[in-house]
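Structure, as structure tokens:
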Amino acid sequence: MRKLPNETPSKPLDRAPHRKCILTGDSLPQDGLVRLAMGPAGQIAPDVRAKAPGRGAWISVDRTSLEAALSKGQLKSALSRAFKTGKLDIPDDLAGLVESALERATLDRLGLEARGGTLLTGSEKIETEARQGKLVLLLHASDAGRDGCAKLDQVWRVGSDREGQDIRGQILPVDRQGLAVALGRQNVVHIGITNARAAGRISHMLERWRRFIGHDIVDDDAEKKVA
């Protein structure tokens, strides 16, 4: 069987530091959680890049669960225990702010990879790399045509000696226009990654965003769309 190029991601989730979710009590890899930071006046804000100074609190739940915890007062209680203060300013649209921050962080990562030369766009370029067994990660815009996705998926399977397996590109929770803006390129429908380290960085960001919004890797409705 052909070995995929640079198969091992740079930082698997199971090697990342573990943090405890303040809502579920589960200890999970940090890369899969979202950090909430508290400002000087007690204001709570998402810190999805985990770079804000001071103490933070970590959550592993999806948007629906976070909204429920906020409305029932469970989030405030958990944050009060985590930060050891009841003087908290939690925005009513915190879940929306988290989702927007995760989206922005993921699209920024794609933009950085594009500028760094580790990201391919254009069906012909991606197909060429896939046929040569060089493709590590394949992504499709949410409004990509079903036929175009299926063709690239099949070429990827054949090129990586995995024909007959259920290997498909991931449907992104963003359309081609959003990808074009993020990457600074026109009409970005499909994205190919040939570098395992880059694929690992993108996958970590994308999985966390998708998990929070409840978006499956393969979206049947998106697959049925025609470009």
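All residue names refer to the structure tokens as shown: chains lettered A, B, ... in order, residues numbered from 1 in each chain, ligands numbered from 1 in order.
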Name the residues of region 19-99 of chain A that come out as alpha helix (DSSP H) in a backbone DSSP run; write them as a compact mmCIF listing (two decimals) with N, CA, C and O atoms, in the first residue's frame.
```txt
# COMPACT_ATOMS: atom_id res chain seq x y z
N ARG A 63 -22.81 24.41 20.76
CA ARG A 63 -23.53 25.68 20.90
C ARG A 63 -24.87 25.51 21.61
O ARG A 63 -25.22 26.31 22.49
N THR A 64 -25.61 24.48 21.24
CA THR A 64 -26.93 24.27 21.85
C THR A 64 -26.80 24.07 23.36
O THR A 64 -27.57 24.64 24.14
N SER A 65 -25.83 23.28 23.78
CA SER A 65 -25.64 23.03 25.21
C SER A 65 -25.16 24.27 25.94
O SER A 65 -25.55 24.52 27.09
N LEU A 66 -24.32 25.06 25.28
CA LEU A 66 -23.84 26.29 25.91
C LEU A 66 -24.98 27.28 26.10
O LEU A 66 -25.08 27.92 27.15
N GLU A 67 -25.83 27.40 25.10
CA GLU A 67 -26.99 28.30 25.22
C GLU A 67 -27.90 27.86 26.35
O GLU A 67 -28.43 28.69 27.11
N ALA A 68 -28.10 26.55 26.49
CA ALA A 68 -28.95 26.03 27.57
C ALA A 68 -28.32 26.30 28.92
O ALA A 68 -29.02 26.71 29.87
N ALA A 69 -27.01 26.10 29.03
CA ALA A 69 -26.31 26.34 30.30
C ALA A 69 -26.36 27.82 30.67
O ALA A 69 -26.45 28.18 31.85
N LEU A 70 -26.30 28.68 29.68
CA LEU A 70 -26.37 30.12 29.92
C LEU A 70 -27.76 30.53 30.40
O LEU A 70 -27.90 31.28 31.38
N SER A 71 -28.79 30.03 29.73
CA SER A 71 -30.15 30.42 30.08
C SER A 71 -30.58 29.88 31.45
O SER A 71 -31.38 30.50 32.15
N GLN A 74 -26.44 27.83 34.70
CA GLN A 74 -25.38 26.86 35.00
C GLN A 74 -24.01 27.39 34.61
O GLN A 74 -23.01 27.12 35.29
N LEU A 75 -23.95 28.13 33.51
CA LEU A 75 -22.67 28.66 33.06
C LEU A 75 -22.13 29.68 34.06
O LEU A 75 -20.95 29.66 34.40
N LYS A 76 -23.01 30.55 34.53
CA LYS A 76 -22.55 31.55 35.49
C LYS A 76 -22.03 30.89 36.76
O LYS A 76 -20.99 31.30 37.30
N SER A 77 -22.71 29.87 37.23
CA SER A 77 -22.26 29.17 38.44
C SER A 77 -20.91 28.52 38.20
O SER A 77 -20.01 28.58 39.07
N ALA A 78 -20.74 27.89 37.04
CA ALA A 78 -19.48 27.21 36.73
C ALA A 78 -18.34 28.22 36.60
O ALA A 78 -17.22 27.99 37.07
N LEU A 79 -18.63 29.35 35.97
CA LEU A 79 -17.61 30.38 35.82
C LEU A 79 -17.26 31.02 37.16
O LEU A 79 -16.09 31.35 37.41
N SER A 80 -18.24 31.18 38.01
CA SER A 80 -17.99 31.74 39.34
C SER A 80 -17.04 30.86 40.13
O SER A 80 -16.15 31.34 40.83
N ARG A 81 -17.23 29.56 40.02
CA ARG A 81 -16.33 28.64 40.71
C ARG A 81 -14.94 28.66 40.08
O ARG A 81 -13.93 28.63 40.80
N ALA A 82 -14.90 28.73 38.77
CA ALA A 82 -13.61 28.70 38.07
C ALA A 82 -12.79 29.95 38.35
O ALA A 82 -11.57 29.87 38.57
N PHE A 83 -13.45 31.10 38.36
CA PHE A 83 -12.74 32.36 38.55
C PHE A 83 -12.79 32.86 40.00
O PHE A 83 -12.21 33.90 40.32
N LEU A 94 -23.15 35.02 24.00
CA LEU A 94 -21.83 34.40 24.14
C LEU A 94 -21.66 33.24 23.16
O LEU A 94 -20.59 33.08 22.55
N ALA A 95 -22.68 32.43 22.98
CA ALA A 95 -22.58 31.30 22.06
C ALA A 95 -22.30 31.77 20.64
O ALA A 95 -21.48 31.17 19.92
N GLY A 96 -22.96 32.84 20.24
CA GLY A 96 -22.72 33.39 18.91
C GLY A 96 -21.32 33.95 18.77
O GLY A 96 -20.68 33.82 17.72
N LEU A 97 -20.83 34.56 19.84
CA LEU A 97 -19.47 35.10 19.83
C LEU A 97 -18.44 33.98 19.72
O LEU A 97 -17.43 34.12 19.02
N VAL A 98 -18.70 32.87 20.41
CA VAL A 98 -17.79 31.72 20.33
C VAL A 98 -17.78 31.17 18.90
O VAL A 98 -16.71 30.90 18.33
N GLU A 99 -18.96 31.01 18.32
CA GLU A 99 -19.04 30.47 16.96
C GLU A 99 -18.30 31.38 15.97
O GLU A 99 -17.54 30.90 15.12
```
Can I get the residues of region 59-158 of chain A within 12 Å of region 167-184 of chain A, each with the closest pair of atoms and their distance in Å to one decimal, using only C-alpha atoms, sorted chain first then ascending number, as a tab-separated table?
```
residue	atom	partner	partner_atom	distance
A:Glu99	CA	A:Pro173	CA	11.3
A:Ser100	CA	A:Val174	CA	11.9
A:Leu102	CA	A:Pro173	CA	11.4
A:Glu103	CA	A:Val174	CA	8.7
A:Arg104	CA	A:Ala182	CA	8.9
A:Ala105	CA	A:Ala182	CA	10.5
A:Thr106	CA	A:Ala182	CA	9.4
A:Leu107	CA	A:Ala182	CA	5.7
A:Asp108	CA	A:Ala182	CA	6.6
A:Arg109	CA	A:Ala182	CA	9.0
A:Leu110	CA	A:Leu183	CA	6.7
A:Gly111	CA	A:Leu183	CA	4.6
A:Leu112	CA	A:Leu183	CA	8.1
A:Glu113	CA	A:Leu183	CA	8.7
A:Ala114	CA	A:Leu183	CA	6.3
A:Arg115	CA	A:Leu183	CA	8.0
A:Gly116	CA	A:Leu183	CA	11.1
A:Gly117	CA	A:Leu183	CA	11.3
A:Leu119	CA	A:Leu183	CA	9.6
A:Leu120	CA	A:Leu183	CA	10.5
A:Thr121	CA	A:Leu183	CA	9.6
A:Gly122	CA	A:Ala180	CA	11.7
A:Ile126	CA	A:Gly169	CA	11.7
A:Ala130	CA	A:Gly169	CA	11.6
A:Leu135	CA	A:Gly169	CA	10.7
A:Val136	CA	A:Gly169	CA	10.1
A:Leu137	CA	A:Gly169	CA	7.2
A:Leu138	CA	A:Gly169	CA	4.6
A:Leu139	CA	A:Gln170	CA	4.8
A:His140	CA	A:Ile171	CA	4.9
A:Ala141	CA	A:Asp175	CA	4.9
A:Ser142	CA	A:Asp175	CA	4.7
A:Asp143	CA	A:Asp175	CA	5.4
A:Ala144	CA	A:Arg176	CA	7.4
A:Gly145	CA	A:Arg176	CA	10.8
A:Arg146	CA	A:Ile171	CA	10.7
A:Gly148	CA	A:Gly169	CA	11.0
A:Cys149	CA	A:Gly169	CA	7.4
A:Ala150	CA	A:Arg168	CA	7.9
A:Lys151	CA	A:Arg168	CA	10.0
A:Leu152	CA	A:Gly169	CA	8.0
A:Asp153	CA	A:Arg168	CA	5.1
A:Gln154	CA	A:Arg168	CA	7.8
A:Val155	CA	A:Arg168	CA	10.0
A:Trp156	CA	A:Arg168	CA	8.0
A:Arg157	CA	A:Ile167	CA	6.4
A:Val158	CA	A:Ile167	CA	10.1
```
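Reported to one decimal place, the separation of CA of Phe212 (chain A) from CA of Ser60 (chain A) is 8.1 Å.
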Distance table requested - region 116-222 of chain A against region 36-49 of chain A, cut-off 12 Å, only C-alpha atoms: one row per qualifying residue with the closest atom pair and its distance in Å to one decimal, ordered by chain and rising residue number, as JSON lines.
```
{"residue": "A:His204", "atom": "CA", "partner": "A:Arg49", "partner_atom": "CA", "distance": 11.7}
{"residue": "A:Met205", "atom": "CA", "partner": "A:Val48", "partner_atom": "CA", "distance": 9.5}
{"residue": "A:Arg208", "atom": "CA", "partner": "A:Val48", "partner_atom": "CA", "distance": 9.6}
{"residue": "A:Trp209", "atom": "CA", "partner": "A:Val48", "partner_atom": "CA", "distance": 9.8}
{"residue": "A:Phe212", "atom": "CA", "partner": "A:Val48", "partner_atom": "CA", "distance": 11.7}
```
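The smallest atom-to-atom distance between Ile90 (chain A) and any of A:Arg19, A:Gly192, A:Gly73, A:Asp166, using only C-alpha atoms, is found for A:Gly73.
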Secondary structure check, strand (DSSP E) residues of region 139-171 of chain A, as JSON, numbers by chain: {"A": [139, 140, 170, 171]}
Go ahead and write the residues just picked, N, CA and C atoms, as a PDB file, in the first residue's frame.
```pdb
ATOM      1  N   LEU A 139     -10.821  19.392   1.098  1.00  0.00           N
ATOM      2  CA  LEU A 139     -11.921  20.165   1.651  1.00  0.00           C
ATOM      3  C   LEU A 139     -12.793  20.713   0.523  1.00  0.00           C
ATOM      4  N   HIS A 140     -14.103  20.757   0.779  1.00  0.00           N
ATOM      5  CA  HIS A 140     -15.043  21.288  -0.204  1.00  0.00           C
ATOM      6  C   HIS A 140     -15.865  22.409   0.428  1.00  0.00           C
ATOM      7  N   GLN A 170     -13.879  16.690   3.186  1.00  0.00           N
ATOM      8  CA  GLN A 170     -14.761  17.237   4.207  1.00  0.00           C
ATOM      9  C   GLN A 170     -15.535  18.439   3.659  1.00  0.00           C
ATOM     10  N   ILE A 171     -16.831  18.477   3.947  1.00  0.00           N
ATOM     11  CA  ILE A 171     -17.655  19.609   3.561  1.00  0.00           C
ATOM     12  C   ILE A 171     -17.502  20.702   4.619  1.00  0.00           C
TER      13      ILE A 171
END
```
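CA of Arg35 (chain A) is positioned 4.5 Å from CA of Trp58 (chain A).
When only C-alpha atoms are used to measure the gap to Ile193 (chain A), the shortest distance among A:Asp26, A:Glu129, A:Glu124, A:Asp62 belongs to A:Glu129.
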